[in-house]
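K.L.:
Input upload_37.cif, format and content: mmCIF, C-alpha atoms.
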```
data_query
#
loop_
_atom_site.label_atom_id
_atom_site.label_comp_id
_atom_site.auth_asym_id
_atom_site.auth_seq_id
_atom_site.Cartn_x
_atom_site.Cartn_y
_atom_site.Cartn_z
CA MET A 1 -34.14 -34.19 -11.37
CA GLU A 2 -31.63 -36.99 -11.90
CA GLN A 3 -29.61 -34.80 -14.28
CA GLN A 4 -29.54 -31.93 -11.75
CA THR A 5 -28.44 -34.27 -8.98
CA ALA A 6 -25.73 -35.74 -11.16
CA GLY A 7 -24.55 -32.29 -12.12
CA GLN A 8 -24.27 -30.97 -8.56
CA PRO A 9 -21.11 -32.92 -7.66
CA ASN A 10 -19.48 -31.71 -10.90
CA ARG A 11 -20.37 -28.10 -10.10
CA TRP A 12 -19.04 -28.56 -6.57
CA LEU A 13 -15.79 -30.06 -7.87
CA ASN A 14 -15.51 -27.25 -10.39
CA PHE A 15 -15.98 -24.67 -7.61
CA LYS A 16 -13.39 -26.38 -5.41
CA THR A 17 -10.93 -26.47 -8.30
CA LYS A 18 -11.39 -22.76 -9.01
CA MET A 19 -11.07 -21.92 -5.33
CA ALA A 20 -7.87 -23.97 -5.07
CA ILE A 21 -6.40 -22.12 -8.07
CA PHE A 22 -7.39 -18.75 -6.58
CA LEU A 23 -5.80 -19.59 -3.22
CA ALA A 24 -2.61 -20.61 -5.03
CA VAL A 25 -2.54 -17.38 -7.06
CA MET A 26 -3.66 -15.05 -4.24
CA GLY A 27 -0.97 -12.88 -2.73
CA PRO A 28 0.50 -10.08 -4.86
CA GLY A 29 -2.75 -8.12 -5.16
CA ILE A 30 -3.95 -8.24 -1.56
CA ILE A 31 -0.47 -7.78 -0.05
CA THR A 32 0.38 -4.75 -2.19
CA ALA A 33 -3.00 -3.10 -1.56
CA SER A 34 -2.90 -3.82 2.18
CA VAL A 35 0.57 -2.35 2.64
CA ASP A 36 -0.87 0.80 1.08
CA ASN A 37 -2.45 1.30 4.53
CA ASP A 38 0.95 1.90 6.10
CA ALA A 39 1.74 4.18 9.05
CA ASN A 40 1.56 7.26 6.80
CA GLY A 41 -1.76 6.18 5.31
CA ILE A 42 -3.30 5.35 8.69
CA THR A 43 -2.22 8.76 10.00
CA THR A 44 -3.86 10.45 7.00
CA TYR A 45 -7.15 8.58 7.49
CA SER A 46 -7.10 9.21 11.26
CA VAL A 47 -6.58 12.96 10.83
CA CYS A 48 -9.27 12.96 8.12
CA GLY A 49 -11.87 11.43 10.47
CA ALA A 50 -10.86 13.48 13.52
CA HIS A 51 -10.85 16.84 11.73
CA TYR A 52 -13.67 16.46 9.18
CA GLY A 53 -15.81 13.58 10.42
CA TYR A 54 -17.47 11.55 7.67
CA ALA A 55 -17.09 14.29 5.03
CA MET A 56 -14.38 12.55 2.97
CA LEU A 57 -15.83 9.05 2.83
CA TRP A 58 -17.09 9.66 -0.73
CA LEU A 59 -13.46 9.63 -1.87
CA LEU A 60 -13.09 5.92 -1.03
CA PRO A 61 -14.96 4.58 -4.11
CA LEU A 62 -12.75 6.79 -6.33
CA ILE A 63 -9.67 5.48 -4.52
CA ALA A 64 -10.83 1.91 -5.15
CA VAL A 65 -11.11 2.53 -8.91
CA CYS A 66 -7.66 4.16 -9.10
CA LEU A 67 -6.03 1.42 -7.05
CA TYR A 68 -7.58 -1.41 -9.10
CA LEU A 69 -6.66 0.09 -12.48
CA VAL A 70 -3.01 0.67 -11.58
CA GLN A 71 -2.54 -2.73 -9.93
CA GLU A 72 -4.31 -4.62 -12.72
CA MET A 73 -2.06 -3.10 -15.38
CA CYS A 74 1.07 -3.96 -13.38
CA ALA A 75 -0.08 -7.53 -12.86
CA ARG A 76 -0.92 -7.91 -16.56
CA MET A 77 2.49 -6.63 -17.62
CA GLY A 78 4.22 -8.98 -15.18
CA ILE A 79 2.24 -12.03 -16.33
CA VAL A 80 2.66 -11.35 -20.05
CA THR A 81 6.30 -10.18 -20.14
CA LYS A 82 7.70 -12.18 -17.18
CA LYS A 83 9.67 -9.01 -16.34
CA GLY A 84 9.49 -6.46 -13.55
CA LEU A 85 8.49 -2.85 -14.19
CA ALA A 86 12.03 -1.47 -13.78
CA ALA A 87 13.39 -3.91 -16.36
CA LEU A 88 10.67 -2.91 -18.85
CA ILE A 89 11.34 0.80 -18.28
CA ARG A 90 15.05 0.33 -18.90
CA GLY A 91 14.41 -1.71 -22.05
CA ALA A 92 12.02 0.87 -23.49
CA PHE A 93 13.41 4.20 -22.27
CA GLY A 94 17.11 3.63 -21.68
CA PHE A 95 19.61 3.53 -18.84
CA ARG A 96 19.79 7.24 -17.94
CA ILE A 97 16.05 7.72 -17.36
CA THR A 98 15.91 4.48 -15.38
CA PHE A 99 18.94 5.50 -13.29
CA PHE A 100 17.40 8.82 -12.22
CA ALA A 101 14.02 7.15 -11.56
CA MET A 102 15.76 4.64 -9.28
CA ILE A 103 17.54 7.40 -7.33
CA ILE A 104 14.25 9.17 -6.65
CA LEU A 105 12.56 5.86 -5.78
CA VAL A 106 15.27 4.94 -3.24
CA ILE A 107 15.01 8.36 -1.55
CA ALA A 108 11.20 8.22 -1.43
CA ASN A 109 11.14 4.64 -0.16
CA LEU A 110 13.74 5.37 2.51
CA ALA A 111 11.59 8.23 3.78
CA ASN A 112 8.53 5.94 3.74
CA THR A 113 10.48 3.28 5.65
CA VAL A 114 11.40 5.86 8.28
CA GLY A 115 7.70 6.69 8.61
CA ASP A 116 6.84 3.02 9.07
CA PHE A 117 9.43 2.52 11.82
CA ALA A 118 8.05 5.70 13.38
CA GLY A 119 4.66 3.95 13.44
CA VAL A 120 6.21 0.92 15.16
CA ALA A 121 7.92 3.15 17.74
CA ALA A 122 4.84 5.31 18.43
CA SER A 123 2.45 2.36 18.75
CA LEU A 124 4.61 0.48 21.26
CA GLU A 125 5.44 3.62 23.27
CA ILE A 126 1.71 3.70 24.07
CA PHE A 127 2.32 0.44 25.94
CA GLY A 128 5.44 1.79 27.67
CA ILE A 129 8.03 0.15 25.38
CA SER A 130 10.91 2.44 24.48
CA ARG A 131 11.73 2.98 20.80
CA TYR A 132 15.35 2.10 21.63
CA ILE A 133 14.09 -1.43 22.27
CA SER A 134 11.17 -1.76 19.84
CA VAL A 135 12.83 -0.36 16.71
CA PRO A 136 16.06 -2.47 16.77
CA VAL A 137 14.01 -5.61 17.50
CA ALA A 138 11.51 -4.80 14.73
CA ALA A 139 14.34 -4.06 12.28
CA PHE A 140 16.00 -7.40 13.02
CA VAL A 141 12.70 -9.29 12.71
CA VAL A 142 11.86 -7.86 9.27
CA TRP A 143 15.44 -8.34 8.07
CA TYR A 144 15.57 -11.96 9.27
CA LEU A 145 12.10 -12.79 7.94
CA ILE A 146 12.94 -11.78 4.37
CA LEU A 147 16.51 -13.01 4.15
CA LYS A 148 16.07 -16.35 5.89
CA GLY A 149 12.69 -17.39 4.47
CA THR A 150 11.48 -18.69 1.14
CA TYR A 151 9.06 -16.74 -1.05
CA LYS A 152 6.15 -19.05 -0.15
CA THR A 153 6.84 -18.78 3.58
CA VAL A 154 7.20 -15.00 3.45
CA GLU A 155 4.01 -14.62 1.41
CA LYS A 156 2.03 -16.73 3.92
CA ILE A 157 3.26 -14.53 6.78
CA PHE A 158 2.31 -11.42 4.81
CA LEU A 159 -1.18 -12.80 4.15
CA VAL A 160 -1.65 -13.43 7.88
CA ALA A 161 -0.52 -9.85 8.52
CA CYS A 162 -3.19 -8.63 6.06
CA GLY A 163 -5.80 -10.39 8.18
CA MET A 164 -4.63 -8.52 11.28
CA TYR A 165 -6.10 -5.30 9.88
CA ILE A 166 -9.37 -6.63 11.32
CA THR A 167 -8.35 -4.68 14.45
CA TYR A 168 -9.47 -1.47 12.73
CA VAL A 169 -12.82 -2.96 11.80
CA ILE A 170 -13.42 -3.92 15.43
CA SER A 171 -12.28 -0.47 16.62
CA GLY A 172 -14.73 1.11 14.18
CA PHE A 173 -17.67 -0.84 15.62
CA MET A 174 -16.60 -0.08 19.20
CA ALA A 175 -16.55 3.65 18.40
CA LYS A 176 -20.34 3.45 17.72
CA PRO A 177 -20.37 5.81 14.73
CA HIS A 178 -23.44 7.31 13.07
CA TRP A 179 -23.92 4.55 10.48
CA GLY A 180 -26.63 6.36 8.52
CA LEU A 181 -24.50 9.47 8.09
CA ALA A 182 -21.45 7.39 7.25
CA LEU A 183 -23.24 5.48 4.47
CA LYS A 184 -24.80 8.68 3.12
CA SER A 185 -21.36 10.34 3.06
CA MET A 186 -20.06 7.43 0.95
CA THR A 187 -22.48 8.31 -1.86
CA VAL A 188 -22.97 12.09 -1.59
CA PRO A 189 -19.83 14.15 -2.29
CA THR A 190 -19.05 16.91 0.21
CA ILE A 191 -16.56 19.65 -0.63
CA GLN A 192 -15.61 22.35 1.85
CA LEU A 193 -14.01 25.53 0.52
CA ASP A 194 -11.24 25.25 3.06
CA LYS A 195 -7.56 24.99 2.12
CA ASN A 196 -6.83 22.33 4.77
CA PHE A 197 -9.82 20.26 3.64
CA ILE A 198 -8.63 20.31 0.03
CA ILE A 199 -5.03 19.49 0.96
CA LEU A 200 -6.15 16.58 3.15
CA ALA A 201 -8.51 15.30 0.41
CA ILE A 202 -5.58 15.26 -2.01
CA ALA A 203 -3.46 13.47 0.60
CA VAL A 204 -6.18 10.82 1.11
CA ILE A 205 -6.11 10.00 -2.60
CA GLY A 206 -2.36 10.48 -2.96
CA THR A 207 -1.48 8.12 -0.13
CA THR A 208 -3.30 5.34 -2.01
CA ILE A 209 -1.05 5.15 -5.08
CA ALA A 210 2.67 5.25 -4.30
CA PRO A 211 5.47 4.50 -6.82
CA TRP A 212 6.83 1.56 -4.80
CA MET A 213 3.52 -0.28 -5.22
CA GLN A 214 3.83 -0.65 -8.97
CA PHE A 215 7.34 -2.08 -8.71
CA TYR A 216 6.42 -4.52 -5.92
CA GLN A 217 3.15 -5.70 -7.48
CA GLN A 218 4.80 -6.57 -10.79
CA ALA A 219 7.89 -8.09 -9.16
CA ALA A 220 5.71 -10.29 -6.93
CA VAL A 221 3.73 -11.55 -9.93
CA VAL A 222 6.98 -12.42 -11.73
CA ASP A 223 8.56 -13.98 -8.62
CA LYS A 224 5.47 -16.13 -8.15
CA LYS A 225 5.77 -17.30 -11.78
CA LEU A 226 2.12 -16.60 -12.61
CA LYS A 227 1.05 -17.47 -16.16
CA VAL A 228 -1.56 -16.10 -18.55
CA LYS A 229 -3.96 -18.83 -17.41
CA ASP A 230 -3.74 -17.33 -13.90
CA TYR A 231 -4.65 -13.83 -15.08
CA PHE A 232 -8.35 -14.01 -14.19
CA TYR A 233 -7.58 -15.23 -10.67
CA GLU A 234 -4.96 -12.51 -10.17
CA LYS A 235 -7.60 -9.93 -11.12
CA VAL A 236 -9.84 -11.38 -8.40
CA ASP A 237 -6.88 -11.15 -6.01
CA ILE A 238 -6.51 -7.44 -6.89
CA ILE A 239 -10.25 -6.79 -6.46
CA PHE A 240 -10.17 -8.52 -3.09
CA GLY A 241 -7.13 -6.49 -2.01
CA THR A 242 -8.71 -3.23 -3.18
CA LEU A 243 -11.89 -3.93 -1.21
CA VAL A 244 -9.97 -4.87 1.94
CA THR A 245 -7.89 -1.69 1.71
CA ASP A 246 -10.94 0.52 1.27
CA ILE A 247 -12.82 -1.21 4.08
CA VAL A 248 -9.90 -0.68 6.48
CA ALA A 249 -9.68 3.01 5.47
CA PHE A 250 -13.47 3.33 5.97
CA PHE A 251 -13.32 1.96 9.52
CA ILE A 252 -10.31 4.07 10.48
CA ILE A 253 -12.14 7.21 9.37
CA ILE A 254 -15.43 6.37 11.08
CA ALA A 255 -13.68 5.29 14.31
CA CYS A 256 -12.13 8.77 14.55
CA ALA A 257 -15.20 10.57 13.19
CA GLY A 258 -17.55 8.89 15.69
CA THR A 259 -15.36 9.81 18.67
CA LEU A 260 -12.66 12.45 18.16
CA PHE A 261 -14.58 14.62 15.67
CA VAL A 262 -17.77 14.54 17.75
CA HIS A 263 -15.85 15.64 20.87
CA HIS A 264 -13.69 18.19 18.97
CA ILE A 265 -10.39 16.46 19.80
CA PRO A 266 -7.70 17.34 17.20
CA ILE A 267 -4.84 14.95 16.50
CA GLU A 268 -1.62 15.07 14.51
CA ASN A 269 -0.99 11.35 13.89
CA ALA A 270 -2.38 7.84 14.33
CA ALA A 271 -0.69 7.35 17.72
CA ASP A 272 -2.58 10.41 19.05
CA ALA A 273 -5.79 8.84 17.77
CA ALA A 274 -5.09 5.54 19.55
CA VAL A 275 -4.51 7.31 22.87
CA ALA A 276 -7.52 9.62 22.48
CA LEU A 277 -9.88 6.72 21.72
CA ALA A 278 -9.50 5.21 25.22
CA PRO A 279 -11.83 7.51 27.19
CA LEU A 280 -14.30 7.78 24.29
CA ALA A 281 -14.60 4.27 22.83
CA GLY A 282 -13.05 2.20 25.62
CA LYS A 283 -9.62 0.85 26.47
CA TYR A 284 -9.91 -2.10 24.10
CA ALA A 285 -10.71 0.10 21.09
CA SER A 286 -7.59 2.13 21.91
CA VAL A 287 -5.47 -1.02 22.23
CA LEU A 288 -6.76 -2.45 18.96
CA PHE A 289 -6.11 0.83 17.14
CA ALA A 290 -2.54 0.94 18.47
CA LEU A 291 -2.04 -2.74 17.58
CA GLY A 292 -3.19 -2.04 14.05
CA LEU A 293 -0.67 0.80 13.76
CA PHE A 294 2.11 -1.52 14.97
CA ILE A 295 1.18 -4.24 12.46
CA ALA A 296 0.94 -1.69 9.64
CA GLY A 297 4.34 -0.22 10.48
CA LEU A 298 6.05 -3.60 10.78
CA PHE A 299 4.36 -4.98 7.65
CA SER A 300 5.26 -1.96 5.54
CA ALA A 301 8.82 -1.88 6.89
CA CYS A 302 9.18 -5.32 5.24
CA ILE A 303 7.52 -4.59 1.92
CA ILE A 304 8.80 -1.13 0.98
CA PRO A 305 12.53 -1.99 1.34
CA LEU A 306 11.80 -5.26 -0.48
CA SER A 307 10.14 -3.33 -3.30
CA THR A 308 13.21 -1.07 -3.49
CA ALA A 309 15.60 -4.01 -3.74
CA TYR A 310 13.50 -5.62 -6.48
CA ALA A 311 13.24 -2.41 -8.52
CA VAL A 312 16.93 -1.46 -8.35
CA CYS A 313 18.14 -4.98 -9.15
CA GLU A 314 15.72 -5.25 -12.09
CA ALA A 315 16.87 -1.88 -13.40
CA PHE A 316 20.54 -2.85 -13.43
CA GLY A 317 20.20 -6.53 -14.31
CA TRP A 318 21.34 -7.88 -10.94
CA GLU A 319 20.18 -11.18 -9.47
CA LYS A 320 17.17 -10.82 -7.18
CA GLY A 321 14.60 -12.78 -5.19
CA VAL A 322 13.62 -13.72 -1.65
CA ASP A 323 14.74 -17.29 -2.33
CA ARG A 324 18.34 -16.19 -3.10
CA ASN A 325 21.20 -16.12 -0.57
CA PHE A 326 23.96 -13.52 -0.34
CA LYS A 327 26.29 -15.37 -2.71
CA GLN A 328 23.53 -15.61 -5.32
CA ALA A 329 22.17 -12.06 -4.98
CA PRO A 330 24.59 -9.81 -3.04
CA GLU A 331 23.18 -6.55 -4.42
CA PHE A 332 19.57 -7.53 -3.63
CA ILE A 333 20.35 -8.43 -0.03
CA SER A 334 22.66 -5.44 0.46
CA ILE A 335 20.04 -2.94 -0.73
CA TYR A 336 17.34 -4.51 1.45
CA THR A 337 19.65 -4.48 4.49
CA MET A 338 20.71 -0.88 3.86
CA MET A 339 17.08 0.29 3.69
CA ILE A 340 16.21 -1.46 6.98
CA VAL A 341 19.29 -0.21 8.85
CA ALA A 342 18.99 3.39 7.59
CA GLY A 343 15.23 3.55 8.26
CA ALA A 344 15.62 2.28 11.82
CA ALA A 345 18.66 4.50 12.50
CA PHE A 346 16.68 7.66 11.74
CA ILE A 347 14.13 6.75 14.43
CA LEU A 348 16.87 6.18 17.01
CA TRP A 349 18.43 9.58 16.29
CA PRO A 350 16.97 11.84 19.03
CA LYS A 351 16.84 14.97 16.85
CA ALA A 352 15.47 13.27 13.73
CA PRO A 353 12.83 15.52 12.06
CA LEU A 354 10.31 12.67 11.65
CA ILE A 355 7.32 14.81 10.66
CA THR A 356 9.39 16.61 8.02
CA ILE A 357 10.69 13.28 6.69
CA MET A 358 7.19 11.83 6.38
CA ILE A 359 5.82 14.95 4.68
CA MET A 360 8.74 15.08 2.26
CA SER A 361 8.32 11.38 1.45
CA GLN A 362 4.83 12.13 0.15
CA ALA A 363 6.20 15.04 -1.91
CA ILE A 364 8.89 12.82 -3.44
CA ASN A 365 6.25 10.20 -4.20
CA GLY A 366 4.29 12.95 -5.92
CA ILE A 367 7.29 13.84 -8.08
CA LEU A 368 7.98 10.25 -9.16
CA LEU A 369 4.42 8.96 -9.55
CA PRO A 370 3.52 10.90 -12.75
CA VAL A 371 6.69 9.63 -14.45
CA ILE A 372 5.98 6.01 -13.52
CA LEU A 373 2.31 6.21 -14.54
CA ILE A 374 3.19 7.62 -17.97
CA PHE A 375 5.80 4.88 -18.46
CA MET A 376 3.18 2.28 -17.51
CA MET A 377 0.60 3.61 -19.95
CA LEU A 378 3.10 3.68 -22.81
CA LEU A 379 4.30 0.15 -22.02
CA ILE A 380 0.84 -1.37 -21.58
CA ASN A 381 -0.17 -0.04 -25.03
CA ASP A 382 2.98 -1.19 -26.83
CA ARG A 383 2.13 -4.32 -28.83
CA ARG A 384 5.84 -5.18 -29.06
CA VAL A 385 5.78 -5.55 -25.27
CA MET A 386 2.23 -6.77 -24.57
CA GLY A 387 1.15 -8.50 -27.80
CA LEU A 388 -2.62 -9.06 -27.66
CA TYR A 389 -2.85 -7.91 -24.02
CA THR A 390 -2.76 -4.13 -24.56
CA ASN A 391 -5.58 -1.96 -23.18
CA GLY A 392 -8.83 -1.81 -25.13
CA PRO A 393 -10.27 1.60 -26.18
CA VAL A 394 -12.71 1.93 -23.24
CA TYR A 395 -10.21 0.64 -20.69
CA ASN A 396 -7.57 2.95 -22.16
CA PHE A 397 -9.83 5.99 -21.86
CA ILE A 398 -10.60 5.24 -18.19
CA ALA A 399 -6.93 4.48 -17.47
CA TRP A 400 -5.69 7.71 -19.10
CA VAL A 401 -8.30 9.79 -17.26
CA THR A 402 -7.29 8.14 -13.99
CA THR A 403 -3.61 8.71 -14.78
CA ALA A 404 -4.22 12.36 -15.63
CA ALA A 405 -6.19 12.88 -12.42
CA LEU A 406 -3.47 11.27 -10.29
CA ILE A 407 -0.79 13.34 -12.03
CA LEU A 408 -2.76 16.54 -11.36
CA LEU A 409 -3.18 15.64 -7.69
CA SER A 410 0.52 14.77 -7.42
CA VAL A 411 1.53 18.13 -8.89
CA ILE A 412 -0.79 19.99 -6.48
CA LEU A 413 0.56 17.96 -3.54
CA VAL A 414 4.16 18.81 -4.47
CA ILE A 415 3.35 22.51 -4.85
CA VAL A 416 1.51 22.62 -1.51
CA THR A 417 4.35 20.79 0.25
CA PHE A 418 7.04 23.15 -0.95
CA THR A 419 5.01 26.35 -0.52
CA GLY A 420 3.65 25.48 2.94
#
```
Spell out the structure here as structure tokens.
P.N.:
Amino acid sequence: MEQQTAGQPNRWLNFKTKMAIFLAVMGPGIITASVDNDANGITTYSVCGAHYGYAMLWLLPLIAVCLYLVQEMCARMGIVTKKGLAALIRGAFGFRITFFAMIILVIANLANTVGDFAGVAASLEIFGISRYISVPVAAFVVWYLILKGTYKTVEKIFLVACGMYITYVISGFMAKPHWGLALKSMTVPTIQLDKNFIILAIAVIGTTIAPWMQFYQQAAVVDKKLKVKDYFYEKVDIIFGTLVTDIVAFFIIIACAGTLFVHHIPIENAADAAVALAPLAGKYASVLFALGLFIAGLFSACIIPLSTAYAVCEAFGWEKGVDRNFKQAPEFISIYTMMIVAGAAFILWPKAPLITIMIMSQAINGILLPVILIFMMLLINDRRVMGLYTNGPVYNFIAWVTTAALILLSVILVIVTFTG
């Protein structure tokens, strides 16, 4: 008994030490995964629940596996090499391939940024605030936050923003869904031989893994100066982020399934869902859903342009980092500013084809994603790059199968987009 008592304080101190290390490391994994639920993603999940009820919930465990594998490999490469993904691609595959990859990435990310500002505009218009006020203010806030803050300050704000996704969890409970059917749908696959069902199922998976994520995840790990000794804790960070992302997606789907689907109310986007929830789940559920859309749009409008600036500067060897000023990193700040200004300007243009832009952004993501995933798999298995930290045989098999599946889905998504 005396030995157990004496050992308890040591175990408690050991736990506190590990928790302190985890809290210091936490950030890149949960932020990257959370931003995955941007305005485009929330719209996809909302339409999924409203049109097909609980039928697609079984996809969420598959999404979690895909998301974890891709993020873990990016984090491992960043920790081991101390380089971002774009820099590794240029070193291994040359300038020309990297140059064309960066052009496609900038176009895709600009379209995604437009979609996120569209989410900001649509969510605040529900409360009677014009986009000609909300969008310029939001653009200035995200620009100022990144360029005037330090990395630690910015990361803390982002982590708080991740916590605000709780609004969707609350909305899900207020919608009073059929919990038994929802849990059953998580474990029993349902496939409908309907073209729209198949297209939306592909979109649900495709919206989870976007090219910008790999560049941001690895750049954040490098910027945070994580070491090999932090690798275990970063994996926990990624697991935590993956679970949070899937939980948010789950509650968005069941909130719409338990209300809009049951009452046969079709929607086209997340803003429609927020408005339609009011008479079915109560005013507060509607407000929380709209608030979640606003946070997602604002949050993503920070991260995606930031990911673009990191990737392009890494690719061409330019100075980068949130902690740098304009004199130290003019290209980094210029690219970030350009993405914010251009994304906001599209929303303020009265005749801007927003739906077309958002759809095309997913198609462009689908074109670039297979290229990036193949580059990642080749890099992660190159001992000259990774030393002893290459994939093992079992991990490699799972990773290649996942990569092949995502490539197939991306190709189908591109074909469907361009053929209508």
K.L.:
When you draw a straight line from atom CA of A:Gly282 to atom CA of A:Phe173, how long is it in Å?
P.N.:
11.4 Å
K.L.:
Could you give me, as a tab-separated table, every stretch 346-400 of chain A residue with an atom at most 7 Å from stretch 102-116 of chain A, plus its closest atom pair and distance in Å to one decimal, counting all atoms listed in the file, rows ordered by chain then number?
P.N.:
```
residue	atom	partner	partner_atom	distance
A:Phe346	CA	A:Val114	CA	6.6
A:Ile347	CA	A:Val114	CA	6.8
A:Ile357	CA	A:Ala111	CA	5.9
A:Met358	CA	A:Gly115	CA	5.6
A:Ser361	CA	A:Ala111	CA	5.1
A:Ile364	CA	A:Ala108	CA	5.5
A:Asn365	CA	A:Ala108	CA	6.0
A:Leu368	CA	A:Ile104	CA	6.8
```
K.L.:
Please produce a file of the residues just selected, as a compact mmCIF listing (two decimals), in the frame of the given file, where the atoms kept are C-alpha atoms.
P.N.:
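Done, and the output landed in out.txt:
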```
# COMPACT_ATOMS: atom_id res chain seq x y z
CA PHE A 346 16.68 7.66 11.74
CA ILE A 347 14.13 6.75 14.43
CA ILE A 357 10.69 13.28 6.69
CA MET A 358 7.19 11.83 6.38
CA SER A 361 8.32 11.38 1.45
CA ILE A 364 8.89 12.82 -3.44
CA ASN A 365 6.25 10.20 -4.20
CA LEU A 368 7.98 10.25 -9.16
```
K.L.:
Apply the PyMOL selection byres ((chain A and resi 322) around 9) to the displayed file and report the matching residues as a list in words.
P.N.:
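This file, filtered by the PyMOL selection byres ((chain A and resi 322) around 9), leaves Ile146, Leu147, Lys148, Gly149, Thr150, Tyr151, Val154, Asp223, Leu306, Lys320, Gly321, Asp323, Arg324, Asn325, Phe332 and Ile333 of chain A.
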K.L.:
Applying 10 Å and only C-alpha atoms, which residues near A:Phe251 remain after dropping the ones on its own chain fewer than 4 positions away? List them as an NGL selection string.
P.N.:
:A and (45-46 or 49 or 166-173 or 175 or 177 or 246-247 or 255-257)
K.L.:
Hey, what's within 9 Å of A:Ile126 if we count all atoms listed in the file and toss same-chain stuff fewer than 4 positions away? As a list in words, please?
P.N.:
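Returned residues: Ala121, Ala122, Ala271, Ala274, Val275, Val287 and Ala290 of chain A.
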K.L.:
Could you state the separation of atom CA of A:Ser334 and atom CA of A:Pro305 in Å, given to one decimal place?
P.N.:
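So the two atoms, atom CA of A:Ser334 and atom CA of A:Pro305, lie 10.7 Å apart.
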K.L.:
Could you write out as an MDAnalysis selection string the residues that the PyMOL selection byres ((chain A and resi 385) around 10) matches in the shown file?
P.N.:
chainID A and resid 77 80:81 88 91:92 378:384 386:390
K.L.:
How far is it from atom CA of A:Ser34 to atom CA of A:Thr245, in Å with one decimal?
P.N.:
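Spanning atom CA of A:Ser34 to atom CA of A:Thr245 is a straight-line distance of 5.4 Å.
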K.L.:
Choose the residue, out of A:Ala101, A:Val135, A:Ala75, A:Val394, that has the smallest atom-to-atom separation from A:Val312; count all atoms listed in the file.
P.N.:
A:Ala101
K.L.:
Evaluating the PyMOL selection byres ((chain A and resi 162) around 9) on the displayed file yields which residues, as a ChimeraX atom specification?
P.N.:
/A:30-31,34-35,157-161,163-166,244,295-296,299
K.L.:
List the spatial neighbours of A:Ala344 as a PDB file with C-alpha atoms, in the coordinates of the input - criterion: any atom at most 12 Å away, all atoms listed in the file, same-chain residues fewer than 5 positions off excluded.
P.N.:
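Listed below is the output, result.pdb:
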```pdb
ATOM      1  CA  LEU A 110      13.740   5.370   2.510  1.00  0.00           C
ATOM      2  CA  ALA A 111      11.590   8.230   3.780  1.00  0.00           C
ATOM      3  CA  ASN A 112       8.530   5.940   3.740  1.00  0.00           C
ATOM      4  CA  THR A 113      10.480   3.280   5.650  1.00  0.00           C
ATOM      5  CA  VAL A 114      11.400   5.860   8.280  1.00  0.00           C
ATOM      6  CA  GLY A 115       7.700   6.690   8.610  1.00  0.00           C
ATOM      7  CA  ASP A 116       6.840   3.020   9.070  1.00  0.00           C
ATOM      8  CA  PHE A 117       9.430   2.520  11.820  1.00  0.00           C
ATOM      9  CA  ALA A 118       8.050   5.700  13.380  1.00  0.00           C
ATOM     10  CA  GLY A 119       4.660   3.950  13.440  1.00  0.00           C
ATOM     11  CA  VAL A 120       6.210   0.920  15.160  1.00  0.00           C
ATOM     12  CA  ALA A 121       7.920   3.150  17.740  1.00  0.00           C
ATOM     13  CA  ARG A 131      11.730   2.980  20.800  1.00  0.00           C
ATOM     14  CA  TYR A 132      15.350   2.100  21.630  1.00  0.00           C
ATOM     15  CA  ILE A 133      14.090  -1.430  22.270  1.00  0.00           C
ATOM     16  CA  SER A 134      11.170  -1.760  19.840  1.00  0.00           C
ATOM     17  CA  VAL A 135      12.830  -0.360  16.710  1.00  0.00           C
ATOM     18  CA  PRO A 136      16.060  -2.470  16.770  1.00  0.00           C
ATOM     19  CA  VAL A 137      14.010  -5.610  17.500  1.00  0.00           C
ATOM     20  CA  ALA A 138      11.510  -4.800  14.730  1.00  0.00           C
ATOM     21  CA  ALA A 139      14.340  -4.060  12.280  1.00  0.00           C
ATOM     22  CA  PHE A 140      16.000  -7.400  13.020  1.00  0.00           C
ATOM     23  CA  VAL A 141      12.700  -9.290  12.710  1.00  0.00           C
ATOM     24  CA  VAL A 142      11.860  -7.860   9.270  1.00  0.00           C
ATOM     25  CA  TRP A 143      15.440  -8.340   8.070  1.00  0.00           C
ATOM     26  CA  GLY A 297       4.340  -0.220  10.480  1.00  0.00           C
ATOM     27  CA  LEU A 298       6.050  -3.600  10.780  1.00  0.00           C
ATOM     28  CA  ALA A 301       8.820  -1.880   6.890  1.00  0.00           C
ATOM     29  CA  CYS A 302       9.180  -5.320   5.240  1.00  0.00           C
ATOM     30  CA  PRO A 305      12.530  -1.990   1.340  1.00  0.00           C
ATOM     31  CA  THR A 337      19.650  -4.480   4.490  1.00  0.00           C
ATOM     32  CA  MET A 338      20.710  -0.880   3.860  1.00  0.00           C
ATOM     33  CA  MET A 339      17.080   0.290   3.690  1.00  0.00           C
ATOM     34  CA  TRP A 349      18.430   9.580  16.290  1.00  0.00           C
ATOM     35  CA  ALA A 352      15.470  13.270  13.730  1.00  0.00           C
ATOM     36  CA  LEU A 354      10.310  12.670  11.650  1.00  0.00           C
TER      37      LEU A 354
END
```
K.L.:
Can you work out which one of A:Gly27, A:Leu57, A:Val401, A:His264 has the shortest atom-to-atom distance to A:Val248, counting all atoms listed in the file?
P.N.:
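The closest residue to A:Val248 is A:Leu57.
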K.L.:
Of the candidates A:Phe240, A:Phe316, A:Trp212, A:Phe99, which one gets nearest to A:Leu369 if we count all atoms listed in the file?
P.N.:
A:Trp212
K.L.:
Could you name the residues that touch stretch 409-418 of chain A at 7 Å or less, counting only C-alpha atoms, but leaving out those on the same chain fewer than 6 positions away, as a compact mmCIF listing (two decimals) with C-alpha atoms, in the frame of the given file?
P.N.:
```
# COMPACT_ATOMS: atom_id res chain seq x y z
CA ILE A 202 -5.58 15.26 -2.01
CA GLY A 206 -2.36 10.48 -2.96
CA ALA A 363 6.20 15.04 -1.91
CA GLY A 366 4.29 12.95 -5.92
CA ILE A 367 7.29 13.84 -8.08
```
